file my_file35.cif (mmCIF, C-alpha atoms)
data_data
loop_
_atom_site.group_PDB
_atom_site.id
_atom_site.type_symbol
_atom_site.label_atom_id
_atom_site.label_comp_id
_atom_site.auth_asym_id
_atom_site.auth_seq_id
_atom_site.Cartn_x
_atom_site.Cartn_y
_atom_site.Cartn_z
ATOM 1 C CA MET S 36 7.959 20.196 -13.823
ATOM 2 C CA MET S 37 8.030 23.874 -12.874
ATOM 3 C CA LEU S 38 4.250 23.880 -12.466
ATOM 4 C CA GLU S 39 4.485 20.854 -10.194
ATOM 5 C CA LEU S 40 7.123 22.510 -8.013
ATOM 6 C CA GLN S 41 5.046 25.690 -7.790
ATOM 7 C CA MET S 42 2.061 23.641 -6.634
ATOM 8 C CA ILE S 43 4.222 21.943 -4.017
ATOM 9 C CA LYS S 44 5.364 25.315 -2.648
ATOM 10 C CA LYS S 45 1.751 26.427 -2.338
ATOM 11 C CA THR S 46 0.864 23.202 -0.527
ATOM 12 C CA ILE S 47 3.576 23.400 2.129
ATOM 13 C CA ILE S 48 2.609 26.390 4.190
ATOM 14 C CA SER S 49 3.659 27.413 7.676
ATOM 15 C CA GLY S 50 1.882 25.607 10.473
ATOM 16 C CA GLU S 51 0.493 22.810 8.327
ATOM 17 C CA VAL S 52 0.744 19.074 8.932
ATOM 18 C CA LEU S 53 1.333 16.904 5.873
ATOM 19 C CA PHE S 54 0.542 13.197 5.958
ATOM 20 C CA VAL S 55 2.973 11.708 3.456
ATOM 21 C CA GLY S 56 3.007 8.233 1.972
ATOM 22 C CA ALA S 57 6.606 6.995 1.983
ATOM 23 C CA GLY S 58 5.885 4.153 -0.420
ATOM 24 C CA PRO S 59 6.505 0.424 0.127
ATOM 25 C CA GLY S 60 10.232 0.476 0.892
ATOM 26 C CA ASP S 61 12.409 1.532 -2.029
ATOM 27 C CA PRO S 62 13.195 5.185 -1.169
ATOM 28 C CA GLU S 63 12.908 6.119 -4.852
ATOM 29 C CA LEU S 64 9.237 5.129 -4.836
ATOM 30 C CA ILE S 65 8.170 8.123 -2.760
ATOM 31 C CA THR S 66 6.334 10.666 -4.911
ATOM 32 C CA LEU S 67 7.998 13.894 -6.003
ATOM 33 C CA LYS S 68 5.561 15.866 -3.880
ATOM 34 C CA GLY S 69 6.223 13.664 -0.867
ATOM 35 C CA LEU S 70 9.975 14.028 -1.280
ATOM 36 C CA LYS S 71 9.727 17.830 -1.488
ATOM 37 C CA ALA S 72 7.584 17.879 1.642
ATOM 38 C CA LEU S 73 10.174 15.791 3.470
ATOM 39 C CA GLN S 74 13.037 18.011 2.299
ATOM 40 C CA GLN S 75 11.291 21.156 3.530
ATOM 41 C CA ALA S 76 9.991 19.769 6.841
ATOM 42 C CA GLU S 77 11.092 21.186 10.171
ATOM 43 C CA LEU S 78 9.590 18.310 12.158
ATOM 44 C CA VAL S 79 9.049 14.732 10.957
ATOM 45 C CA VAL S 80 7.173 12.014 12.828
ATOM 46 C CA TYR S 81 7.902 8.774 10.978
ATOM 47 C CA ALA S 82 6.829 5.126 11.301
ATOM 48 C CA GLY S 83 10.269 3.818 12.175
ATOM 49 C CA SER S 84 9.342 0.143 12.121
ATOM 50 C CA LEU S 85 8.359 0.289 8.438
ATOM 51 C CA VAL S 86 9.684 3.406 6.692
ATOM 52 C CA ASN S 87 13.051 3.072 4.964
ATOM 53 C CA PRO S 88 15.519 5.111 7.081
ATOM 54 C CA ALA S 89 17.270 6.230 3.874
ATOM 55 C CA LEU S 90 14.391 8.655 3.362
ATOM 56 C CA LEU S 91 15.369 10.515 6.519
ATOM 57 C CA ASP S 92 18.664 11.453 4.849
ATOM 58 C CA GLU S 93 16.573 13.793 2.699
ATOM 59 C CA CYS S 94 15.599 15.875 5.729
ATOM 60 C CA ARG S 95 17.243 19.175 6.633
ATOM 61 C CA ASP S 96 20.051 19.093 9.157
ATOM 62 C CA ASP S 97 17.936 21.103 11.598
ATOM 63 C CA CYS S 98 14.829 18.947 11.176
ATOM 64 C CA ALA S 99 13.548 17.332 14.382
ATOM 65 C CA LEU S 100 13.012 13.590 13.804
ATOM 66 C CA HIS S 101 10.704 11.459 15.951
ATOM 67 C CA ASP S 102 10.178 7.720 15.537
ATOM 68 C CA SER S 103 6.504 6.920 16.201
ATOM 69 C CA ALA S 104 7.099 3.165 16.684
ATOM 70 C CA PRO S 105 7.436 3.411 20.500
ATOM 71 C CA LEU S 106 4.811 6.174 20.849
ATOM 72 C CA ASN S 107 1.092 5.936 21.532
ATOM 73 C CA LEU S 108 -1.543 8.048 19.768
ATOM 74 C CA ASP S 109 -1.553 10.824 22.373
ATOM 75 C CA GLN S 110 2.226 11.179 22.132
ATOM 76 C CA VAL S 111 2.108 11.346 18.334
ATOM 77 C CA LEU S 112 -0.663 13.929 18.426
ATOM 78 C CA GLU S 113 1.249 16.047 20.937
ATOM 79 C CA LEU S 114 4.143 16.266 18.494
ATOM 80 C CA LEU S 115 1.913 17.099 15.517
ATOM 81 C CA ILE S 116 -0.222 19.654 17.345
ATOM 82 C CA THR S 117 2.673 21.324 19.145
ATOM 83 C CA GLY S 118 4.593 21.594 15.891
ATOM 84 C CA GLY S 119 1.583 22.922 14.019
ATOM 85 C CA ARG S 120 0.824 25.545 16.650
ATOM 86 C CA ALA S 121 4.452 26.646 16.583
ATOM 87 C CA GLY S 122 4.079 27.385 12.870
ATOM 88 C CA LYS S 123 6.409 24.564 11.794
ATOM 89 C CA LYS S 124 6.271 22.549 8.603
ATOM 90 C CA VAL S 125 5.338 19.136 9.977
ATOM 91 C CA VAL S 126 5.405 15.818 8.116
ATOM 92 C CA ARG S 127 3.761 12.669 9.419
ATOM 93 C CA LEU S 128 5.544 10.019 7.373
ATOM 94 C CA HIS S 129 3.578 6.791 6.914
ATOM 95 C CA THR S 130 4.580 3.652 5.062
ATOM 96 C CA GLY S 131 2.913 2.854 1.739
ATOM 97 C CA ASP S 132 -0.154 5.001 1.208
ATOM 98 C CA PRO S 133 -1.440 6.636 4.402
ATOM 99 C CA ALA S 134 -5.087 6.044 3.458
ATOM 100 C CA LEU S 135 -4.694 2.254 3.675
ATOM 101 C CA TYR S 136 -4.255 0.748 7.150
ATOM 102 C CA GLY S 137 -2.502 3.970 8.133
ATOM 103 C CA ALA S 138 -4.672 4.986 11.128
ATOM 104 C CA ILE S 139 -4.696 8.573 9.876
ATOM 105 C CA GLN S 140 -8.406 9.293 10.371
ATOM 106 C CA GLU S 141 -8.042 9.502 14.141
ATOM 107 C CA GLN S 142 -5.035 11.790 13.737
ATOM 108 C CA MET S 143 -6.879 14.076 11.311
ATOM 109 C CA GLU S 144 -9.857 14.186 13.655
ATOM 110 C CA ALA S 145 -7.613 15.446 16.455
ATOM 111 C CA LEU S 146 -6.055 18.062 14.161
ATOM 112 C CA ASP S 147 -9.541 19.247 13.185
ATOM 113 C CA ALA S 148 -10.393 19.632 16.851
ATOM 114 C CA ALA S 149 -7.154 21.554 17.430
ATOM 115 C CA GLY S 150 -7.845 23.861 14.474
ATOM 116 C CA ILE S 151 -4.673 22.841 12.628
ATOM 117 C CA ASP S 152 -4.698 22.569 8.846
ATOM 118 C CA TYR S 153 -3.429 19.393 7.199
ATOM 119 C CA ARG S 154 -3.151 17.723 3.816
ATOM 120 C CA VAL S 155 -2.499 14.200 2.577
ATOM 121 C CA ILE S 156 0.103 13.289 -0.043
ATOM 122 C CA PRO S 157 -0.587 9.774 -1.364
ATOM 123 C CA GLY S 158 2.021 7.061 -1.751
ATOM 124 C CA VAL S 159 2.623 3.766 -3.526
ATOM 125 C CA THR S 160 1.049 0.917 -1.595
ATOM 126 C CA ALA S 161 2.561 -2.567 -1.289
ATOM 127 C CA THR S 162 0.005 -4.147 -3.621
ATOM 128 C CA PHE S 163 1.401 -2.290 -6.596
ATOM 129 C CA ALA S 164 5.010 -2.754 -5.552
ATOM 130 C CA ALA S 165 4.360 -6.492 -5.303
ATOM 131 C CA ALA S 166 2.675 -6.558 -8.727
ATOM 132 C CA ALA S 167 5.666 -4.705 -10.164
ATOM 133 C CA SER S 168 8.110 -7.194 -8.640
ATOM 134 C CA LEU S 169 6.069 -10.065 -10.058
ATOM 135 C CA LYS S 170 5.753 -8.280 -13.423
ATOM 136 C CA GLN S 171 2.062 -9.008 -13.137
ATOM 137 C CA GLU S 172 -1.072 -7.125 -14.188
ATOM 138 C CA LEU S 173 -3.794 -7.506 -11.563
ATOM 139 C CA THR S 174 -6.771 -7.091 -13.901
ATOM 140 C CA LEU S 175 -7.101 -9.053 -17.135
ATOM 141 C CA PRO S 176 -10.005 -9.212 -19.618
ATOM 142 C CA GLY S 177 -11.956 -12.424 -19.257
ATOM 143 C CA VAL S 178 -10.136 -13.309 -16.035
ATOM 144 C CA SER S 179 -10.559 -10.573 -13.415
ATOM 145 C CA GLN S 180 -11.826 -7.018 -13.468
ATOM 146 C CA THR S 181 -12.046 -6.744 -9.692
ATOM 147 C CA LEU S 182 -9.270 -6.079 -7.198
ATOM 148 C CA VAL S 183 -9.966 -6.444 -3.479
ATOM 149 C CA LEU S 184 -7.580 -5.184 -0.796
ATOM 150 C CA THR S 185 -8.335 -6.771 2.542
ATOM 151 C CA ARG S 186 -6.901 -8.507 5.596
ATOM 152 C CA LEU S 187 -7.675 -11.241 8.083
ATOM 153 C CA ALA S 188 -8.957 -10.353 11.516
ATOM 154 C CA GLY S 189 -6.204 -10.165 14.084
ATOM 155 C CA ARG S 190 -6.015 -7.834 17.053
ATOM 156 C CA THR S 191 -7.934 -5.461 14.798
ATOM 157 C CA PRO S 192 -11.295 -7.098 14.004
ATOM 158 C CA VAL S 193 -12.865 -7.316 10.553
ATOM 159 C CA PRO S 194 -16.626 -6.715 10.120
ATOM 160 C CA ASP S 195 -18.535 -10.003 9.788
ATOM 161 C CA ALA S 196 -19.745 -9.126 6.289
ATOM 162 C CA GLU S 197 -16.107 -8.743 5.231
ATOM 163 C CA ALA S 198 -14.949 -12.102 6.577
ATOM 164 C CA LEU S 199 -12.625 -13.711 4.052
ATOM 165 C CA HIS S 200 -15.051 -16.485 3.060
ATOM 166 C CA ASN S 201 -17.560 -13.782 2.095
ATOM 167 C CA ILE S 202 -15.004 -11.726 0.180
ATOM 168 C CA ALA S 203 -13.790 -14.868 -1.600
ATOM 169 C CA ARG S 204 -17.240 -15.466 -3.100
ATOM 170 C CA VAL S 205 -16.571 -12.589 -5.490
ATOM 171 C CA GLY S 206 -13.486 -14.205 -6.999
ATOM 172 C CA GLY S 207 -11.353 -11.725 -8.946
ATOM 173 C CA THR S 208 -7.940 -10.782 -7.583
ATOM 174 C CA ILE S 209 -7.469 -10.521 -3.828
ATOM 175 C CA CYS S 210 -4.510 -8.853 -2.116
ATOM 176 C CA LEU S 211 -4.177 -9.472 1.602
ATOM 177 C CA TYR S 212 -2.232 -7.310 4.013
ATOM 178 C CA LEU S 213 -1.162 -8.109 7.574
ATOM 179 C CA SER S 214 -2.139 -11.774 7.243
ATOM 180 C CA VAL S 215 0.925 -13.823 6.321
ATOM 181 C CA GLY S 216 1.270 -15.091 9.889
ATOM 182 C CA MET S 217 -2.112 -16.853 9.526
ATOM 183 C CA MET S 218 -1.660 -18.704 6.243
ATOM 184 C CA ASN S 219 -3.653 -21.806 7.150
ATOM 185 C CA LYS S 220 -6.612 -19.715 8.283
ATOM 186 C CA LEU S 221 -6.266 -17.608 5.133
ATOM 187 C CA VAL S 222 -6.335 -20.645 2.823
ATOM 188 C CA THR S 223 -9.373 -22.068 4.635
ATOM 189 C CA GLY S 224 -11.251 -18.782 4.269
ATOM 190 C CA LEU S 225 -10.457 -18.434 0.578
ATOM 191 C CA LEU S 226 -11.531 -21.990 -0.235
ATOM 192 C CA ALA S 227 -14.736 -21.600 1.772
ATOM 193 C CA GLY S 228 -15.950 -18.961 -0.678
ATOM 194 C CA GLY S 229 -16.553 -21.658 -3.272
ATOM 195 C CA VAL S 230 -14.855 -19.817 -6.173
ATOM 196 C CA PHE S 231 -11.166 -20.381 -5.536
ATOM 197 C CA THR S 232 -9.892 -23.964 -5.593
ATOM 198 C CA PRO S 233 -6.762 -25.731 -4.329
ATOM 199 C CA ARG S 234 -5.275 -25.080 -7.799
ATOM 200 C CA THR S 235 -5.754 -21.287 -7.593
ATOM 201 C CA PRO S 236 -2.335 -19.606 -7.854
ATOM 202 C CA VAL S 237 -0.934 -17.543 -4.994
ATOM 203 C CA ALA S 238 2.089 -15.267 -4.718
ATOM 204 C CA VAL S 239 3.544 -14.034 -1.441
ATOM 205 C CA VAL S 240 5.896 -11.069 -1.654
ATOM 206 C CA TYR S 241 7.955 -10.344 1.434
ATOM 207 C CA ARG S 242 9.135 -6.710 1.824
ATOM 208 C CA ALA S 243 8.190 -5.707 -1.701
ATOM 209 C CA SER S 244 10.753 -3.329 -3.295
ATOM 210 C CA TRP S 245 13.287 -3.695 -0.443
ATOM 211 C CA PRO S 246 16.773 -5.127 -1.133
ATOM 212 C CA ASP S 247 15.873 -8.289 0.830
ATOM 213 C CA GLU S 248 12.603 -8.826 -1.004
ATOM 214 C CA LYS S 249 11.579 -12.469 -1.285
ATOM 215 C CA ILE S 250 8.897 -14.027 -3.511
ATOM 216 C CA VAL S 251 7.197 -17.359 -2.859
ATOM 217 C CA GLU S 252 4.719 -18.739 -5.401
ATOM 218 C CA GLY S 253 2.420 -21.730 -5.265
ATOM 219 C CA THR S 254 -1.245 -22.631 -5.097
ATOM 220 C CA LEU S 255 -3.801 -22.634 -2.315
ATOM 221 C CA ALA S 256 -2.946 -26.308 -1.869
ATOM 222 C CA ASP S 257 0.693 -25.740 -0.928
ATOM 223 C CA ILE S 258 1.300 -22.041 -0.260
ATOM 224 C CA ALA S 259 1.018 -22.311 3.546
ATOM 225 C CA ASP S 260 3.814 -24.895 3.672
ATOM 226 C CA LEU S 261 5.951 -22.966 1.175
ATOM 227 C CA VAL S 262 5.660 -19.765 3.217
ATOM 228 C CA ALA S 263 6.495 -21.627 6.429
ATOM 229 C CA ASP S 264 9.553 -23.175 4.780
ATOM 230 C CA ALA S 265 10.663 -19.715 3.650
ATOM 231 C CA GLY S 266 10.389 -18.420 7.225
ATOM 232 C CA ILE S 267 8.074 -15.546 6.279
ATOM 233 C CA THR S 268 5.929 -14.460 9.224
ATOM 234 C CA ARG S 269 5.379 -10.729 8.694
ATOM 235 C CA GLN S 270 5.784 -7.788 6.289
ATOM 236 C CA ALA S 271 4.444 -9.694 3.288
ATOM 237 C CA LEU S 272 1.617 -9.209 0.827
ATOM 238 C CA ILE S 273 -0.426 -12.143 -0.450
ATOM 239 C CA LEU S 274 -1.882 -12.044 -3.969
ATOM 240 C CA VAL S 275 -4.499 -14.598 -4.999
ATOM 241 C CA GLY S 276 -6.268 -15.133 -8.312
ATOM 242 C CA GLU S 277 -6.271 -16.606 -11.775
ATOM 243 C CA VAL S 278 -4.469 -13.553 -13.179
ATOM 244 C CA LEU S 279 -1.265 -15.018 -11.762
ATOM 245 C CA LYS S 280 -1.356 -17.754 -14.414
ATOM 246 C CA ALA S 281 -0.825 -15.227 -17.220
ATOM 247 C CA ARG S 282 2.954 -15.159 -16.829
ATOM 248 C CA THR S 283 3.221 -18.886 -17.545
ATOM 249 C CA GLN S 284 0.133 -19.635 -19.627
ATOM 250 C CA GLY S 285 -0.279 -16.399 -21.570
ATOM 251 C CA VAL S 286 -3.056 -13.804 -21.701
ATOM 252 C CA PRO S 287 -6.345 -15.523 -22.580
ATOM 253 C CA GLU S 288 -8.003 -12.420 -24.013
ATOM 254 C CA LYS S 289 -6.401 -9.254 -25.351
ATOM 255 C CA SER S 290 -7.498 -5.862 -24.082
ATOM 256 C CA LYS S 291 -9.947 -3.839 -26.193
ATOM 257 C CA LEU S 292 -7.846 -0.735 -25.575
ATOM 258 C CA TYR S 293 -5.442 -1.406 -28.446
ATOM 259 C CA ASP S 294 -7.614 -3.723 -30.545
ATOM 260 C CA PRO S 295 -7.483 -2.406 -34.162
ATOM 261 C CA ASP S 296 -11.175 -3.279 -34.566
ATOM 262 C CA PHE S 297 -12.188 -1.312 -31.479
ATOM 263 C CA ALA S 298 -12.871 2.407 -31.922
ATOM 264 C CA HIS S 299 -12.890 4.958 -29.119
ATOM 265 C CA GLY S 300 -12.704 8.702 -28.664
ATOM 266 C CA TYR S 301 -9.038 8.899 -29.685
ATOM 267 C CA ARG S 302 -8.862 6.280 -32.445
ATOM 268 C CA ASP S 303 -11.043 5.205 -35.356
ATOM 269 C CA LYS S 304 -11.811 1.586 -36.065
ATOM 270 C CA LYS S 305 -9.389 -0.071 -38.475
ATOM 271 C CA CYS S 306 -10.871 -0.197 -41.990
#
call {"tool": "encode", "arguments": {"input": "my_file35.cif", "output": "structure tokens"}}
result
Amino acid sequence: MMLELQMIKKTIISGEVLFVGAGPGDPELITLKGLKALQQAELVVYAGSLVNPALLDECRDDCALHDSAPLNLDQVLELLITGGRAGKKVVRLHTGDPALYGAIQEQMEALDAAGIDYRVIPGVTATFAAAASLKQELTLPGVSQTLVLTRLAGRTPVPDAEALHNIARVGGTICLYLSVGMMNKLVTGLLAGGVFTPRTPVAVVYRASWPDEKIVEGTLADIADLVADAGITRQALILVGEVLKARTQGVPEKSKLYDPDFAHGYRDKKC
């Protein structure tokens, strides 16, 4: 623990911008390093529409707080660059993990151009919070060894090669962000891949890890209607794949990791 705290102190230097992943919602799911960065920050620019406001209680009394929800990119960058040039400890607080749908590349590019140092502290993304709420492993031997994180095209386009019907040809486990408002289109795309069927299980987790979290489960045949009935139109993750059957039908094949007849570098084969 002491080593970790020493590393954190070295990371947070004067005049540096830290991109911090706040996690999916539960304020206790921020990393230790992210929490320390937030507690030491002099200026925080946070995604107010998604970040749990309870995290802001961890900030110093003299910390300047700015909600980025009503701001455009230039306004956000002005805050980050001005704070960095003033030698302040600046935190850009993103929801989930900032590397996933966080629009941080354009911000880092501007900081590079301004000559301001920055670092990224990862966070827990909604996929893993949803899996935890479902008590579900996303990769199972003999079922799925592939996890795809993707989304449907909306106002932000998706490259043609990554259209859902193409992604769905792989099978495996698919987790879709920013798509719950287009469930019928989503189901059509998944079925068009030719691997998933109307019987393929689906779980939709609304606001994973938040107090008002809601879970809707079904199949590709009925999930669109179930989600509509539940009134879920945003802030939900969609998980699709045969792994979701394990909680009701059991694990079809045990992992080799703890198989007594499977030797590896840390354990001999059972005699």
call {"tool": "closest_residue", "arguments": {"input": "my_file35.cif", "among": "S:Ile156, S:Leu272, S:Ala256, S:Leu169", "to": "Leu187 in chain S", "atoms": "only C-alpha atoms"}}
result
S:Leu272
call {"tool": "residues_around", "arguments": {"input": "my_file35.cif", "residues": "Asn219 in chain S", "least_positions_apart": "6", "cutoff": "12 Å", "atoms": "only C-alpha atoms", "output": "ChimeraX atom specification"}}
result
/S:187,225-226,255-263
call {"tool": "closest_residue", "arguments": {"input": "my_file35.cif", "among": "S:Gln284, S:Gln171, S:Thr235, S:Asn87", "to": "Val222 in chain S", "atoms": "only C-alpha atoms"}}
result
S:Thr235
call {"tool": "closest_atom_pairs", "arguments": {"input": "my_file35.cif", "of": "range 179-215 of chain S", "to": "range 242-247 of chain S", "cutoff": "12 Å", "atoms": "only C-alpha atoms", "output": "JSON lines"}}
result
{"residue": "S:Tyr212", "atom": "CA", "partner": "S:Arg242", "partner_atom": "CA", "distance": 11.6}
{"residue": "S:Leu213", "atom": "CA", "partner": "S:Arg242", "partner_atom": "CA", "distance": 11.9}
{"residue": "S:Val215", "atom": "CA", "partner": "S:Arg242", "partner_atom": "CA", "distance": 11.8}
call {"tool": "closest_residue", "arguments": {"input": "my_file35.cif", "among": "S:Glu252, S:Glu63, S:Glu144, S:Glu77", "to": "Val240 in chain S", "atoms": "all atoms listed in the file"}}
result
S:Glu252
call {"tool": "closest_residue", "arguments": {"input": "my_file35.cif", "among": "S:Met218, S:Leu106, S:Ala138, S:Leu279", "to": "Val178 in chain S", "atoms": "all atoms listed in the file"}}
result
S:Leu279
call {"tool": "atom_distance", "arguments": {"input": "my_file35.cif", "atom1": "CA of Val278 in chain S", "atom2": "CA of Leu173 in chain S"}}
result
6.3 Å
call {"tool": "atom_distance", "arguments": {"input": "my_file35.cif", "atom1": "CA of Ile273 in chain S", "atom2": "CA of Ala82 in chain S"}}
result
22.1 Å
call {"tool": "residues_around", "arguments": {"input": "my_file35.cif", "residues": "Ala57 in chain S", "least_positions_apart": "6", "cutoff": "10 Å", "atoms": "only C-alpha atoms", "output": "PDB file with C-alpha atoms, in the coordinates of the input"}}
result
ATOM      1  CA  GLU S  63      12.908   6.119  -4.852  1.00  0.00           C
ATOM      2  CA  LEU S  64       9.237   5.129  -4.836  1.00  0.00           C
ATOM      3  CA  ILE S  65       8.170   8.123  -2.760  1.00  0.00           C
ATOM      4  CA  THR S  66       6.334  10.666  -4.911  1.00  0.00           C
ATOM      5  CA  GLY S  69       6.223  13.664  -0.867  1.00  0.00           C
ATOM      6  CA  LEU S  70       9.975  14.028  -1.280  1.00  0.00           C
ATOM      7  CA  LEU S  73      10.174  15.791   3.470  1.00  0.00           C
ATOM      8  CA  TYR S  81       7.902   8.774  10.978  1.00  0.00           C
ATOM      9  CA  ALA S  82       6.829   5.126  11.301  1.00  0.00           C
ATOM     10  CA  LEU S  85       8.359   0.289   8.438  1.00  0.00           C
ATOM     11  CA  VAL S  86       9.684   3.406   6.692  1.00  0.00           C
ATOM     12  CA  ASN S  87      13.051   3.072   4.964  1.00  0.00           C
ATOM     13  CA  LEU S  90      14.391   8.655   3.362  1.00  0.00           C
ATOM     14  CA  ARG S 127       3.761  12.669   9.419  1.00  0.00           C
ATOM     15  CA  LEU S 128       5.544  10.019   7.373  1.00  0.00           C
ATOM     16  CA  HIS S 129       3.578   6.791   6.914  1.00  0.00           C
ATOM     17  CA  THR S 130       4.580   3.652   5.062  1.00  0.00           C
ATOM     18  CA  GLY S 131       2.913   2.854   1.739  1.00  0.00           C
ATOM     19  CA  ASP S 132      -0.154   5.001   1.208  1.00  0.00           C
ATOM     20  CA  PRO S 133      -1.440   6.636   4.402  1.00  0.00           C
ATOM     21  CA  ILE S 156       0.103  13.289  -0.043  1.00  0.00           C
ATOM     22  CA  PRO S 157      -0.587   9.774  -1.364  1.00  0.00           C
ATOM     23  CA  GLY S 158       2.021   7.061  -1.751  1.00  0.00           C
ATOM     24  CA  VAL S 159       2.623   3.766  -3.526  1.00  0.00           C
ATOM     25  CA  THR S 160       1.049   0.917  -1.595  1.00  0.00           C
TER      26      THR S 160
END
call {"tool": "closest_residue", "arguments": {"input": "my_file35.cif", "among": "S:Asp61, S:Asp109, S:Asp264, S:Glu277", "to": "Gly206 in chain S", "atoms": "only C-alpha atoms"}}
result
S:Glu277
call {"tool": "closest_residue", "arguments": {"input": "my_file35.cif", "among": "S:Thr117, S:Asn107, S:Thr268, S:Thr283", "to": "Glu51 in chain S", "atoms": "all atoms listed in the file"}}
result
S:Thr117
call {"tool": "decode", "arguments": {"input": "my_file35.cif", "residues": "range 200-216 of chain S", "atoms": "N, CA and C atoms", "output": "PDB file, in the first residue's frame"}}
result
ATOM      1  N   HIS S 200     -24.106  -6.491 -38.205  1.00  0.00           N
ATOM      2  CA  HIS S 200     -24.281  -7.796 -38.854  1.00  0.00           C
ATOM      3  C   HIS S 200     -22.936  -8.438 -39.181  1.00  0.00           C
ATOM      4  N   ASN S 201     -21.904  -7.611 -39.395  1.00  0.00           N
ATOM      5  CA  ASN S 201     -20.565  -8.156 -39.619  1.00  0.00           C
ATOM      6  C   ASN S 201     -19.939  -8.625 -38.310  1.00  0.00           C
ATOM      7  N   ILE S 202     -20.067  -7.816 -37.274  1.00  0.00           N
ATOM      8  CA  ILE S 202     -19.548  -8.196 -35.959  1.00  0.00           C
ATOM      9  C   ILE S 202     -20.213  -9.475 -35.465  1.00  0.00           C
ATOM     10  N   ALA S 203     -21.516  -9.599 -35.725  1.00  0.00           N
ATOM     11  CA  ALA S 203     -22.283 -10.741 -35.214  1.00  0.00           C
ATOM     12  C   ALA S 203     -21.877 -12.057 -35.860  1.00  0.00           C
ATOM     13  N   ARG S 204     -21.194 -12.013 -36.980  1.00  0.00           N
ATOM     14  CA  ARG S 204     -20.740 -13.249 -37.630  1.00  0.00           C
ATOM     15  C   ARG S 204     -19.689 -13.978 -36.812  1.00  0.00           C
ATOM     16  N   VAL S 205     -19.042 -13.261 -35.908  1.00  0.00           N
ATOM     17  CA  VAL S 205     -18.010 -13.869 -35.061  1.00  0.00           C
ATOM     18  C   VAL S 205     -18.634 -14.714 -33.962  1.00  0.00           C
ATOM     19  N   GLY S 206     -19.824 -14.336 -33.515  1.00  0.00           N
ATOM     20  CA  GLY S 206     -20.430 -14.999 -32.365  1.00  0.00           C
ATOM     21  C   GLY S 206     -19.787 -14.502 -31.088  1.00  0.00           C
ATOM     22  N   GLY S 207     -19.463 -15.400 -30.168  1.00  0.00           N
ATOM     23  CA  GLY S 207     -18.848 -15.002 -28.902  1.00  0.00           C
ATOM     24  C   GLY S 207     -19.813 -14.237 -28.025  1.00  0.00           C
ATOM     25  N   THR S 208     -19.263 -13.322 -27.233  1.00  0.00           N
ATOM     26  CA  THR S 208     -20.048 -12.473 -26.341  1.00  0.00           C
ATOM     27  C   THR S 208     -19.938 -11.040 -26.830  1.00  0.00           C
ATOM     28  N   ILE S 209     -21.052 -10.391 -27.026  1.00  0.00           N
ATOM     29  CA  ILE S 209     -21.056  -9.009 -27.512  1.00  0.00           C
ATOM     30  C   ILE S 209     -21.687  -8.109 -26.461  1.00  0.00           C
ATOM     31  N   CYS S 210     -21.013  -7.005 -26.163  1.00  0.00           N
ATOM     32  CA  CYS S 210     -21.525  -5.993 -25.241  1.00  0.00           C
ATOM     33  C   CYS S 210     -21.689  -4.695 -26.017  1.00  0.00           C
ATOM     34  N   LEU S 211     -22.891  -4.178 -26.017  1.00  0.00           N
ATOM     35  CA  LEU S 211     -23.195  -2.980 -26.805  1.00  0.00           C
ATOM     36  C   LEU S 211     -23.481  -1.785 -25.908  1.00  0.00           C
ATOM     37  N   TYR S 212     -22.766  -0.708 -26.196  1.00  0.00           N
ATOM     38  CA  TYR S 212     -22.954   0.565 -25.521  1.00  0.00           C
ATOM     39  C   TYR S 212     -23.843   1.468 -26.381  1.00  0.00           C
ATOM     40  N   LEU S 213     -24.449   2.457 -25.756  1.00  0.00           N
ATOM     41  CA  LEU S 213     -25.084   3.572 -26.461  1.00  0.00           C
ATOM     42  C   LEU S 213     -26.078   3.127 -27.534  1.00  0.00           C
ATOM     43  N   SER S 214     -26.759   2.009 -27.305  1.00  0.00           N
ATOM     44  CA  SER S 214     -27.601   1.432 -28.354  1.00  0.00           C
ATOM     45  C   SER S 214     -28.982   1.014 -27.882  1.00  0.00           C
ATOM     46  N   VAL S 215     -29.280   1.157 -26.600  1.00  0.00           N
ATOM     47  CA  VAL S 215     -30.530   0.611 -26.078  1.00  0.00           C
ATOM     48  C   VAL S 215     -31.756   1.323 -26.633  1.00  0.00           C
ATOM     49  N   GLY S 216     -31.586   2.513 -27.166  1.00  0.00           N
ATOM     50  CA  GLY S 216     -32.711   3.219 -27.782  1.00  0.00           C
ATOM     51  C   GLY S 216     -33.031   2.735 -29.179  1.00  0.00           C
TER      52      GLY S 216
END
